[in-house]
file entry-v1.csv (CSV, N, CA and C atoms and all ligand atoms)
chain,number,residue,atom,x,y,z
A,1,MET,N,35.1,63.4,82.5
A,1,MET,CA,34.6,64.3,83.4
A,1,MET,C,35.7,64.8,84.4
A,2,MET,N,35.5,66.0,84.8
A,2,MET,CA,36.5,66.6,85.7
A,2,MET,C,36.4,66.1,87.1
A,3,LYS,N,37.5,66.1,87.8
A,3,LYS,CA,37.5,65.7,89.2
A,3,LYS,C,37.7,66.9,90.1
A,4,THR,N,37.4,66.8,91.4
A,4,THR,CA,37.5,67.8,92.3
A,4,THR,C,38.9,68.4,92.3
A,5,SER,N,39.9,67.6,92.3
A,5,SER,CA,41.3,68.0,92.4
A,5,SER,C,41.7,68.9,91.2
A,6,GLU,N,40.9,68.8,90.2
A,6,GLU,CA,41.3,69.7,89.0
A,6,GLU,C,41.0,71.1,89.2
A,7,LEU,N,40.3,71.5,90.3
A,7,LEU,CA,40.1,72.9,90.5
A,7,LEU,C,41.3,73.6,91.1
A,8,ILE,N,42.3,72.8,91.4
A,8,ILE,CA,43.6,73.4,92.0
A,8,ILE,C,44.2,74.4,91.1
A,9,TRP,N,44.1,74.2,89.8
A,9,TRP,CA,44.7,75.1,88.8
A,9,TRP,C,44.1,76.5,89.0
A,10,GLN,N,42.8,76.6,89.4
A,10,GLN,CA,42.2,77.9,89.5
A,10,GLN,C,42.9,78.8,90.6
A,11,ASP,N,43.1,78.2,91.8
A,11,ASP,CA,43.7,79.0,92.9
A,11,ASP,C,45.2,79.4,92.5
A,12,ALA,N,45.9,78.4,91.9
A,12,ALA,CA,47.3,78.7,91.5
A,12,ALA,C,47.3,79.9,90.5
A,13,GLN,N,46.4,79.9,89.5
A,13,GLN,CA,46.4,80.9,88.5
A,13,GLN,C,46.0,82.3,89.1
A,14,HIS,N,45.0,82.2,90.1
A,14,HIS,CA,44.7,83.5,90.8
A,14,HIS,C,45.9,84.1,91.5
A,15,GLN,N,46.7,83.2,92.1
A,15,GLN,CA,47.9,83.7,92.8
A,15,GLN,C,48.9,84.4,91.8
A,16,THR,N,49.0,83.7,90.6
A,16,THR,CA,49.9,84.3,89.6
A,16,THR,C,49.4,85.7,89.2
A,17,LEU,N,48.1,85.8,89.0
A,17,LEU,CA,47.5,87.1,88.7
A,17,LEU,C,47.8,88.2,89.7
A,18,PHE,N,47.7,87.8,91.0
A,18,PHE,CA,48.0,88.8,92.0
A,18,PHE,C,49.5,89.2,92.0
A,19,ARG,N,50.3,88.2,91.7
A,19,ARG,CA,51.7,88.4,91.7
A,19,ARG,C,52.1,89.4,90.5
A,20,LEU,N,51.4,89.3,89.4
A,20,LEU,CA,51.6,90.2,88.3
A,20,LEU,C,51.1,91.6,88.6
A,21,LEU,N,50.0,91.6,89.4
A,21,LEU,CA,49.5,93.0,89.7
A,21,LEU,C,50.5,93.7,90.7
A,22,ASP,N,51.1,92.9,91.5
A,22,ASP,CA,52.2,93.4,92.4
A,22,ASP,C,53.3,94.0,91.6
A,23,ASP,N,53.7,93.2,90.6
A,23,ASP,CA,54.8,93.7,89.7
A,23,ASP,C,54.4,95.0,89.0
A,24,LEU,N,53.2,95.1,88.7
A,24,LEU,CA,52.7,96.3,88.0
A,24,LEU,C,53.0,97.6,88.8
A,25,ARG,N,52.9,97.5,90.2
A,25,ARG,CA,53.1,98.7,91.0
A,25,ARG,C,54.5,98.8,91.5
A,26,ARG,N,55.4,98.0,91.1
A,26,ARG,CA,56.8,98.1,91.6
A,26,ARG,C,57.4,99.4,91.0
A,27,GLU,N,58.3,100.0,91.8
A,27,GLU,CA,59.0,101.2,91.3
A,27,GLU,C,59.8,100.9,90.1
A,28,GLU,N,60.7,99.9,90.2
A,28,GLU,CA,61.5,99.5,89.0
A,28,GLU,C,60.6,98.5,88.2
A,29,PHE,N,60.2,99.0,87.0
A,29,PHE,CA,59.1,98.4,86.3
A,29,PHE,C,59.5,98.1,84.9
A,30,ASP,N,59.2,96.9,84.4
A,30,ASP,CA,59.5,96.5,83.1
A,30,ASP,C,58.1,96.4,82.4
A,31,CYS,N,57.9,97.2,81.3
A,31,CYS,CA,56.6,97.2,80.7
A,31,CYS,C,56.1,95.9,80.1
A,32,SER,N,57.0,94.9,80.0
A,32,SER,CA,56.5,93.6,79.6
A,32,SER,C,55.5,93.0,80.6
A,33,VAL,N,55.5,93.5,81.8
A,33,VAL,CA,54.6,93.0,82.8
A,33,VAL,C,53.1,93.2,82.3
A,34,ILE,N,52.9,94.3,81.7
A,34,ILE,CA,51.5,94.5,81.2
A,34,ILE,C,51.1,93.5,80.1
A,35,HIS,N,52.1,93.1,79.3
A,35,HIS,CA,51.9,92.1,78.3
A,35,HIS,C,51.6,90.8,78.9
A,36,GLN,N,52.4,90.4,79.9
A,36,GLN,CA,52.3,89.2,80.6
A,36,GLN,C,50.9,89.1,81.3
A,37,LEU,N,50.6,90.2,81.9
A,37,LEU,CA,49.3,90.2,82.7
A,37,LEU,C,48.1,90.0,81.7
A,38,ARG,N,48.2,90.7,80.6
A,38,ARG,CA,47.1,90.5,79.6
A,38,ARG,C,47.0,89.1,79.1
A,39,LEU,N,48.2,88.5,78.7
A,39,LEU,CA,48.1,87.2,78.2
A,39,LEU,C,47.7,86.2,79.3
A,40,TYR,N,48.2,86.4,80.5
A,40,TYR,CA,47.9,85.4,81.5
A,40,TYR,C,46.4,85.5,82.0
A,41,ALA,N,45.9,86.7,82.1
A,41,ALA,CA,44.5,86.9,82.4
A,41,ALA,C,43.6,86.2,81.4
A,42,ASP,N,44.0,86.5,80.1
A,42,ASP,CA,43.2,85.9,79.1
A,42,ASP,C,43.2,84.4,79.1
A,43,HIS,N,44.4,83.8,79.3
A,43,HIS,CA,44.6,82.4,79.4
A,43,HIS,C,43.7,81.8,80.5
A,44,HIS,N,43.7,82.5,81.7
A,44,HIS,CA,43.0,82.0,82.8
A,44,HIS,C,41.5,82.1,82.6
A,45,PHE,N,41.0,83.2,82.0
A,45,PHE,CA,39.6,83.4,81.8
A,45,PHE,C,39.1,82.4,80.7
A,46,CYS,N,39.9,82.2,79.7
A,46,CYS,CA,39.5,81.2,78.7
A,46,CYS,C,39.3,79.8,79.2
A,47,LEU,N,40.2,79.5,80.2
A,47,LEU,CA,40.1,78.1,80.8
A,47,LEU,C,38.8,78.0,81.6
A,48,GLU,N,38.6,79.0,82.4
A,48,GLU,CA,37.3,79.0,83.2
A,48,GLU,C,36.1,78.9,82.2
A,49,GLU,N,36.2,79.7,81.2
A,49,GLU,CA,35.0,79.7,80.3
A,49,GLU,C,34.9,78.4,79.5
A,50,ALA,N,36.0,77.7,79.3
A,50,ALA,CA,35.9,76.4,78.6
A,50,ALA,C,35.2,75.4,79.6
A,51,TYR,N,35.5,75.5,80.9
A,51,TYR,CA,34.9,74.6,81.8
A,51,TYR,C,33.4,74.9,81.9
A,52,MET,N,33.1,76.2,81.9
A,52,MET,CA,31.7,76.6,82.0
A,52,MET,C,30.9,76.0,80.8
A,53,GLN,N,31.5,76.1,79.7
A,53,GLN,CA,30.9,75.6,78.4
A,53,GLN,C,30.6,74.1,78.6
A,54,GLU,N,31.7,73.4,79.0
A,54,GLU,CA,31.6,72.0,79.1
A,54,GLU,C,30.5,71.5,80.0
A,55,LEU,N,30.4,72.3,81.1
A,55,LEU,CA,29.4,71.9,82.2
A,55,LEU,C,28.0,72.6,81.9
A,56,GLN,N,27.9,73.4,80.9
A,56,GLN,CA,26.7,74.2,80.6
A,56,GLN,C,26.3,74.9,81.8
A,57,TYR,N,27.2,75.7,82.3
A,57,TYR,CA,27.0,76.5,83.5
A,57,TYR,C,25.9,77.6,83.2
A,58,PRO,N,24.8,77.6,84.0
A,58,PRO,CA,23.7,78.5,83.7
A,58,PRO,C,24.1,80.0,83.8
A,59,LYS,N,25.1,80.4,84.6
A,59,LYS,CA,25.4,81.8,84.7
A,59,LYS,C,26.7,82.1,83.8
A,60,MET,N,26.9,81.3,82.8
A,60,MET,CA,28.1,81.5,82.0
A,60,MET,C,28.2,82.9,81.3
A,61,MET,N,27.1,83.4,80.8
A,61,MET,CA,27.1,84.7,80.0
A,61,MET,C,27.5,85.8,80.9
A,62,GLN,N,26.9,85.9,82.1
A,62,GLN,CA,27.3,87.0,83.1
A,62,GLN,C,28.7,86.9,83.4
A,63,HIS,N,29.2,85.7,83.7
A,63,HIS,CA,30.6,85.5,84.1
A,63,HIS,C,31.6,85.9,83.0
A,64,ILE,N,31.2,85.6,81.8
A,64,ILE,CA,32.1,86.0,80.6
A,64,ILE,C,32.1,87.5,80.4
A,65,GLN,N,30.9,88.1,80.7
A,65,GLN,CA,30.8,89.6,80.6
A,65,GLN,C,31.8,90.2,81.6
A,66,ALA,N,31.8,89.7,82.8
A,66,ALA,CA,32.7,90.2,83.8
A,66,ALA,C,34.2,90.1,83.3
A,67,HIS,N,34.5,88.9,82.8
A,67,HIS,CA,35.9,88.7,82.3
A,67,HIS,C,36.2,89.7,81.2
A,68,ASN,N,35.2,89.9,80.3
A,68,ASN,CA,35.4,90.9,79.2
A,68,ASN,C,35.7,92.3,79.7
A,69,ARG,N,35.1,92.7,80.8
A,69,ARG,CA,35.4,94.0,81.3
A,69,ARG,C,36.8,94.1,81.8
A,70,PHE,N,37.3,93.1,82.4
A,70,PHE,CA,38.7,93.0,82.9
A,70,PHE,C,39.6,93.0,81.7
A,71,ARG,N,39.3,92.3,80.6
A,71,ARG,CA,40.1,92.2,79.4
A,71,ARG,C,40.2,93.6,78.8
A,72,GLU,N,39.0,94.3,78.8
A,72,GLU,CA,39.0,95.7,78.3
A,72,GLU,C,39.9,96.6,79.1
A,73,GLU,N,39.8,96.5,80.4
A,73,GLU,CA,40.7,97.4,81.2
A,73,GLU,C,42.2,97.1,80.9
A,74,LEU,N,42.5,95.9,80.7
A,74,LEU,CA,43.9,95.6,80.4
A,74,LEU,C,44.3,96.0,79.0
A,75,GLY,N,43.3,96.0,78.1
A,75,GLY,CA,43.6,96.5,76.8
A,75,GLY,C,43.9,97.9,76.8
A,76,GLN,N,43.1,98.7,77.6
A,76,GLN,CA,43.4,100.2,77.7
A,76,GLN,C,44.8,100.4,78.2
A,77,LEU,N,45.2,99.6,79.2
A,77,LEU,CA,46.4,99.8,79.9
A,77,LEU,C,47.6,99.5,79.0
A,78,SER,N,47.4,98.6,78.0
A,78,SER,CA,48.6,98.2,77.2
A,78,SER,C,48.7,99.2,75.9
A,79,ARG,N,47.8,100.2,75.9
A,79,ARG,CA,47.9,101.1,74.7
A,79,ARG,C,49.2,101.9,74.7
A,80,ASP,N,49.6,102.4,75.9
A,80,ASP,CA,50.8,103.2,76.0
A,80,ASP,C,51.6,102.9,77.2
A,81,PRO,N,52.1,101.7,77.3
A,81,PRO,CA,52.7,101.2,78.6
A,81,PRO,C,53.9,102.0,79.0
A,82,ASP,N,54.6,102.6,78.1
A,82,ASP,CA,55.9,103.4,78.4
A,82,ASP,C,55.6,104.7,79.2
A,83,ASN,N,54.4,105.2,79.0
A,83,ASN,CA,54.1,106.4,79.6
A,83,ASN,C,53.2,106.4,80.9
A,84,LEU,N,53.3,105.2,81.5
A,84,LEU,CA,52.6,105.1,82.8
A,84,LEU,C,53.5,105.5,84.0
A,85,SER,N,53.1,106.5,84.7
A,85,SER,CA,53.9,106.9,85.8
A,85,SER,C,53.7,105.9,86.9
A,86,HIS,N,54.6,105.9,87.9
A,86,HIS,CA,54.5,105.0,89.0
A,86,HIS,C,53.2,105.2,89.8
A,87,GLN,N,52.8,106.4,89.9
A,87,GLN,CA,51.5,106.7,90.6
A,87,GLN,C,50.3,106.1,89.9
A,88,ILE,N,50.3,106.3,88.6
A,88,ILE,CA,49.2,105.7,87.8
A,88,ILE,C,49.2,104.2,87.9
A,89,ARG,N,50.4,103.6,87.8
A,89,ARG,CA,50.5,102.1,87.8
A,89,ARG,C,50.0,101.6,89.2
A,90,THR,N,50.4,102.4,90.2
A,90,THR,CA,49.9,102.0,91.6
A,90,THR,C,48.4,102.0,91.7
A,91,SER,N,47.8,103.1,91.2
A,91,SER,CA,46.3,103.1,91.4
A,91,SER,C,45.6,102.1,90.5
A,92,LEU,N,46.2,101.9,89.3
A,92,LEU,CA,45.6,100.9,88.4
A,92,LEU,C,45.7,99.5,89.0
A,93,SER,N,46.9,99.3,89.6
A,93,SER,CA,47.1,98.0,90.2
A,93,SER,C,46.2,97.7,91.4
A,94,GLN,N,45.9,98.8,92.2
A,94,GLN,CA,45.0,98.6,93.3
A,94,GLN,C,43.6,98.4,92.8
A,95,PHE,N,43.2,99.2,91.8
A,95,PHE,CA,41.9,99.0,91.2
A,95,PHE,C,41.6,97.6,90.7
A,96,LEU,N,42.6,97.1,89.9
A,96,LEU,CA,42.5,95.8,89.3
A,96,LEU,C,42.5,94.7,90.4
A,97,GLU,N,43.3,94.9,91.4
A,97,GLU,CA,43.4,94.0,92.5
A,97,GLU,C,42.0,93.8,93.3
A,98,GLU,N,41.4,95.0,93.5
A,98,GLU,CA,40.1,95.0,94.2
A,98,GLU,C,39.1,94.3,93.3
A,99,TRP,N,39.1,94.6,92.0
A,99,TRP,CA,38.2,93.9,91.1
A,99,TRP,C,38.4,92.4,91.1
A,100,LEU,N,39.7,92.0,91.1
A,100,LEU,CA,40.0,90.6,91.1
A,100,LEU,C,39.5,89.9,92.3
A,101,LYS,N,39.7,90.5,93.5
A,101,LYS,CA,39.3,89.9,94.7
A,101,LYS,C,37.8,89.8,94.8
A,102,ARG,N,37.1,90.8,94.4
A,102,ARG,CA,35.6,90.7,94.3
A,102,ARG,C,35.1,89.6,93.4
A,103,HIS,N,35.8,89.5,92.3
A,103,HIS,CA,35.5,88.5,91.3
A,103,HIS,C,35.7,87.1,91.8
A,104,ILE,N,36.9,86.9,92.4
A,104,ILE,CA,37.3,85.6,92.9
A,104,ILE,C,36.4,85.1,94.1
A,105,PHE,N,36.1,86.1,95.0
A,105,PHE,CA,35.2,85.7,96.1
A,105,PHE,C,33.8,85.7,95.8
A,106,GLY,N,33.4,86.3,94.7
A,106,GLY,CA,32.0,86.3,94.3
A,106,GLY,C,31.7,85.2,93.2
A,107,VAL,N,31.8,85.6,92.0
A,107,VAL,CA,31.3,84.7,90.9
A,107,VAL,C,32.2,83.5,90.7
A,108,ASP,N,33.5,83.6,91.0
A,108,ASP,CA,34.4,82.4,90.8
A,108,ASP,C,34.1,81.4,91.9
A,109,LYS,N,33.8,81.8,93.1
A,109,LYS,CA,33.4,80.9,94.2
A,109,LYS,C,32.1,80.2,93.8
A,110,GLU,N,31.2,81.0,93.3
A,110,GLU,CA,29.9,80.4,92.9
A,110,GLU,C,30.1,79.3,91.8
A,111,PHE,N,31.0,79.6,90.9
A,111,PHE,CA,31.2,78.7,89.8
A,111,PHE,C,31.9,77.4,90.4
A,112,GLU,N,32.8,77.6,91.3
A,112,GLU,CA,33.5,76.5,91.9
A,112,GLU,C,32.5,75.6,92.6
A,113,ALA,N,31.6,76.2,93.3
A,113,ALA,CA,30.6,75.4,94.0
A,113,ALA,C,29.8,74.5,93.0
A,114,PHE,N,29.5,75.1,91.9
A,114,PHE,CA,28.8,74.5,90.8
A,114,PHE,C,29.6,73.3,90.3
A,115,VAL,N,30.9,73.5,90.1
A,115,VAL,CA,31.7,72.4,89.6
A,115,VAL,C,31.8,71.3,90.5
A,116,LEU,N,32.0,71.6,91.8
A,116,LEU,CA,32.0,70.6,92.8
A,116,LEU,C,30.7,69.8,92.9
A,117,ALA,N,29.6,70.5,92.8
A,117,ALA,CA,28.3,69.8,92.9
A,117,ALA,C,28.1,68.9,91.7
A,118,SER,N,28.6,69.4,90.5
A,118,SER,CA,28.4,68.5,89.3
A,118,SER,C,29.3,67.3,89.3
A,119,SER,N,30.5,67.5,89.9
A,119,SER,CA,31.4,66.3,89.9
A,119,SER,C,31.0,65.2,90.9
A,120,ARG,N,30.1,65.6,91.8
A,120,ARG,CA,29.6,64.6,92.7
A,120,ARG,C,28.4,63.8,92.1
A,121,LYS,N,27.8,64.3,91.1
A,121,LYS,CA,26.7,63.6,90.5
A,121,LYS,C,27.0,62.3,89.8
B,1,FE,FE,39.2,83.2,88.1
B,2,FE,FE,36.1,84.1,86.6
call {"tool": "encode", "arguments": {"input": "entry-v1.csv", "output": "structure tokens"}}
result
Amino acid sequence: MMKTSELIWQDAQHQTLFRLLDDLRREEFDCSVIHQLRLYADHHFCLEEAYMQELQYPKMMQHIQAHNRFREELGQLSRDPDNLSHQIRTSLSQFLEEWLKRHIFGVDKEFEAFVLASSRK
């Protein structure tokens, strides 16, 4: 069974995602950032989803759907990474950052509370 301290990975991974979104809007930009972002987001989402499955989290399906929308956005982004202007990258980065903040302070927090409550049982 998981312990409270094991939730530390979640915060650390969220920080990495924000850092990659910062990289996305840098003027000097390497298009491998998009690839990294996509892989890392997927890795993070899969880990949360594995925990949800293990704990039989009642709101798992909605949460996975939210992750899938983000996965789709990143999929669109990686179609033609060389032709993204700085302006487009900036607005995409802001859009994804807003999304991530809402997700983290909304459904991720809710899930975290559920994990903490189940670890006390
Ligand atoms: Fe998350
Ligand atoms: Fe999540």
call {"tool": "residues_near_ligand", "arguments": {"input": "entry-v1.csv", "ligand": "ligand FE 1 (chain B)", "cutoff": "7 Å", "atoms": "only C-alpha atoms and all ligand atoms", "output": "ChimeraX atom specification"}}
result
/A:10,14,44-45,48,104,108
call {"tool": "select_by_dssp", "arguments": {"input": "entry-v1.csv", "residues": "chain A", "states": "alpha helix (DSSP H)", "output": "PyMOL selection string"}}
result
chain A and resi 8-24+32-55+60-77+86-103+109-120
call {"tool": "residues_around", "arguments": {"input": "entry-v1.csv", "residues": "Asp23 (chain A)", "least_positions_apart": "4", "cutoff": "10 Å", "atoms": "only C-alpha atoms", "output": "count of residues only"}}
result
14
call {"tool": "residues_around", "arguments": {"input": "entry-v1.csv", "residues": "His86 (chain A)", "least_positions_apart": "5", "cutoff": "7 Å", "atoms": "all atoms listed in the file", "output": "list in words"}}
result
Arg25, Arg26, Glu27 and Ser91 of chain A
call {"tool": "atom_distance", "arguments": {"input": "entry-v1.csv", "atom1": "atom C of His35 (chain A)", "atom2": "CA of Ser78 (chain A)"}}
result
8.2 Å
call {"tool": "atom_distance", "arguments": {"input": "entry-v1.csv", "atom1": "CA of Leu20 (chain A)", "atom2": "CA of Glu97 (chain A)"}}
result
10.0 Å
call {"tool": "decode", "arguments": {"input": "entry-v1.csv", "residues": "region 1-90 of chain A", "atoms": "C-alpha atoms", "output": "PDB file, in the first residue's frame"}}
result
ATOM      1  CA  MET A   1       0.000   0.000   0.000  1.00  0.00           C
ATOM      2  CA  MET A   2       1.172   3.476  -0.743  1.00  0.00           C
ATOM      3  CA  LYS A   3       2.274   5.916   1.926  1.00  0.00           C
ATOM      4  CA  THR A   4       1.589   9.643   2.206  1.00  0.00           C
ATOM      5  CA  SER A   5       5.184  10.516   1.305  1.00  0.00           C
ATOM      6  CA  GLU A   6       4.759   8.806  -2.044  1.00  0.00           C
ATOM      7  CA  LEU A   7       2.670  11.696  -3.298  1.00  0.00           C
ATOM      8  CA  ILE A   8       5.807  13.836  -3.471  1.00  0.00           C
ATOM      9  CA  TRP A   9       6.454  12.567  -7.004  1.00  0.00           C
ATOM     10  CA  GLN A  10       3.257  14.255  -8.136  1.00  0.00           C
ATOM     11  CA  ASP A  11       4.376  17.796  -7.207  1.00  0.00           C
ATOM     12  CA  ALA A  12       7.840  17.246  -8.647  1.00  0.00           C
ATOM     13  CA  GLN A  13       6.400  16.044 -11.936  1.00  0.00           C
ATOM     14  CA  HIS A  14       4.006  18.990 -12.149  1.00  0.00           C
ATOM     15  CA  GLN A  15       6.996  21.318 -11.727  1.00  0.00           C
ATOM     16  CA  THR A  16       8.776  19.562 -14.594  1.00  0.00           C
ATOM     17  CA  LEU A  17       5.708  20.011 -16.793  1.00  0.00           C
ATOM     18  CA  PHE A  18       5.623  23.748 -16.049  1.00  0.00           C
ATOM     19  CA  ARG A  19       9.327  23.987 -16.827  1.00  0.00           C
ATOM     20  CA  LEU A  20       8.799  22.303 -20.203  1.00  0.00           C
ATOM     21  CA  LEU A  21       5.929  24.695 -20.964  1.00  0.00           C
ATOM     22  CA  ASP A  22       8.323  27.575 -20.208  1.00  0.00           C
ATOM     23  CA  ASP A  23      10.807  26.068 -22.655  1.00  0.00           C
ATOM     24  CA  LEU A  24       8.073  25.918 -25.271  1.00  0.00           C
ATOM     25  CA  ARG A  25       7.717  29.703 -25.318  1.00  0.00           C
ATOM     26  CA  ARG A  26      11.412  30.557 -25.314  1.00  0.00           C
ATOM     27  CA  GLU A  27      12.622  32.594 -28.248  1.00  0.00           C
ATOM     28  CA  GLU A  28      15.537  30.237 -28.909  1.00  0.00           C
ATOM     29  CA  PHE A  29      13.635  27.018 -29.219  1.00  0.00           C
ATOM     30  CA  ASP A  30      14.578  23.436 -29.908  1.00  0.00           C
ATOM     31  CA  CYS A  31      11.655  21.475 -31.297  1.00  0.00           C
ATOM     32  CA  SER A  32      12.658  18.417 -29.245  1.00  0.00           C
ATOM     33  CA  VAL A  33      10.917  20.270 -26.376  1.00  0.00           C
ATOM     34  CA  ILE A  34       7.589  19.237 -27.857  1.00  0.00           C
ATOM     35  CA  HIS A  35       8.658  15.621 -27.923  1.00  0.00           C
ATOM     36  CA  GLN A  36       9.865  15.800 -24.326  1.00  0.00           C
ATOM     37  CA  LEU A  37       6.674  17.499 -23.240  1.00  0.00           C
ATOM     38  CA  ARG A  38       4.565  14.850 -24.892  1.00  0.00           C
ATOM     39  CA  LEU A  39       6.527  11.950 -23.406  1.00  0.00           C
ATOM     40  CA  TYR A  40       6.729  13.478 -19.974  1.00  0.00           C
ATOM     41  CA  ALA A  41       3.041  14.417 -19.804  1.00  0.00           C
ATOM     42  CA  ASP A  42       2.118  10.908 -20.872  1.00  0.00           C
ATOM     43  CA  HIS A  43       4.444   9.390 -18.290  1.00  0.00           C
ATOM     44  CA  HIS A  44       2.943  11.583 -15.567  1.00  0.00           C
ATOM     45  CA  PHE A  45      -0.655  10.894 -16.568  1.00  0.00           C
ATOM     46  CA  CYS A  46      -0.039   7.132 -16.775  1.00  0.00           C
ATOM     47  CA  LEU A  47       1.399   7.128 -13.281  1.00  0.00           C
ATOM     48  CA  GLU A  48      -1.612   8.985 -11.835  1.00  0.00           C
ATOM     49  CA  GLU A  49      -3.922   6.659 -13.728  1.00  0.00           C
ATOM     50  CA  ALA A  50      -2.112   3.585 -12.371  1.00  0.00           C
ATOM     51  CA  TYR A  51      -2.632   4.854  -8.823  1.00  0.00           C
ATOM     52  CA  MET A  52      -6.300   5.522  -9.568  1.00  0.00           C
ATOM     53  CA  GLN A  53      -6.719   2.013 -10.841  1.00  0.00           C
ATOM     54  CA  GLU A  54      -4.969   0.520  -7.848  1.00  0.00           C
ATOM     55  CA  LEU A  55      -7.159   2.464  -5.423  1.00  0.00           C
ATOM     56  CA  GLN A  56     -10.287   2.045  -7.529  1.00  0.00           C
ATOM     57  CA  TYR A  57     -10.813   5.777  -7.540  1.00  0.00           C
ATOM     58  CA  PRO A  58     -14.514   6.472  -8.244  1.00  0.00           C
ATOM     59  CA  LYS A  59     -13.796   9.495 -10.482  1.00  0.00           C
ATOM     60  CA  MET A  60     -11.138   7.738 -12.526  1.00  0.00           C
ATOM     61  CA  MET A  61     -12.938   7.857 -15.885  1.00  0.00           C
ATOM     62  CA  GLN A  62     -13.513  11.637 -15.835  1.00  0.00           C
ATOM     63  CA  HIS A  63      -9.931  12.214 -14.784  1.00  0.00           C
ATOM     64  CA  ILE A  64      -8.583  10.025 -17.575  1.00  0.00           C
ATOM     65  CA  GLN A  65     -10.771  11.870 -20.084  1.00  0.00           C
ATOM     66  CA  ALA A  66      -9.227  15.157 -18.967  1.00  0.00           C
ATOM     67  CA  HIS A  67      -5.735  13.672 -19.420  1.00  0.00           C
ATOM     68  CA  ASN A  68      -6.721  12.451 -22.873  1.00  0.00           C
ATOM     69  CA  ARG A  69      -7.747  15.948 -23.952  1.00  0.00           C
ATOM     70  CA  PHE A  70      -4.334  17.235 -22.962  1.00  0.00           C
ATOM     71  CA  ARG A  71      -2.676  14.303 -24.768  1.00  0.00           C
ATOM     72  CA  GLU A  72      -4.672  15.259 -27.882  1.00  0.00           C
ATOM     73  CA  GLU A  73      -3.584  18.911 -27.685  1.00  0.00           C
ATOM     74  CA  LEU A  74       0.035  17.811 -27.492  1.00  0.00           C
ATOM     75  CA  GLY A  75      -0.501  15.403 -30.349  1.00  0.00           C
ATOM     76  CA  GLN A  76      -1.740  18.279 -32.541  1.00  0.00           C
ATOM     77  CA  LEU A  77       1.240  20.353 -31.519  1.00  0.00           C
ATOM     78  CA  SER A  78       3.761  17.710 -32.517  1.00  0.00           C
ATOM     79  CA  ARG A  79       2.395  17.379 -36.058  1.00  0.00           C
ATOM     80  CA  ASP A  80       4.499  20.144 -37.514  1.00  0.00           C
ATOM     81  CA  PRO A  81       6.856  21.355 -34.800  1.00  0.00           C
ATOM     82  CA  ASP A  82       9.264  23.135 -37.165  1.00  0.00           C
ATOM     83  CA  ASN A  83       6.618  25.511 -38.409  1.00  0.00           C
ATOM     84  CA  LEU A  84       5.506  26.939 -35.094  1.00  0.00           C
ATOM     85  CA  SER A  85       6.184  30.651 -34.843  1.00  0.00           C
ATOM     86  CA  HIS A  86       7.278  32.169 -31.569  1.00  0.00           C
ATOM     87  CA  GLN A  87       3.892  33.835 -31.287  1.00  0.00           C
ATOM     88  CA  ILE A  88       2.032  30.568 -31.750  1.00  0.00           C
ATOM     89  CA  ARG A  89       4.276  28.766 -29.287  1.00  0.00           C
ATOM     90  CA  THR A  90       3.707  31.510 -26.735  1.00  0.00           C
TER      91      THR A  90
END
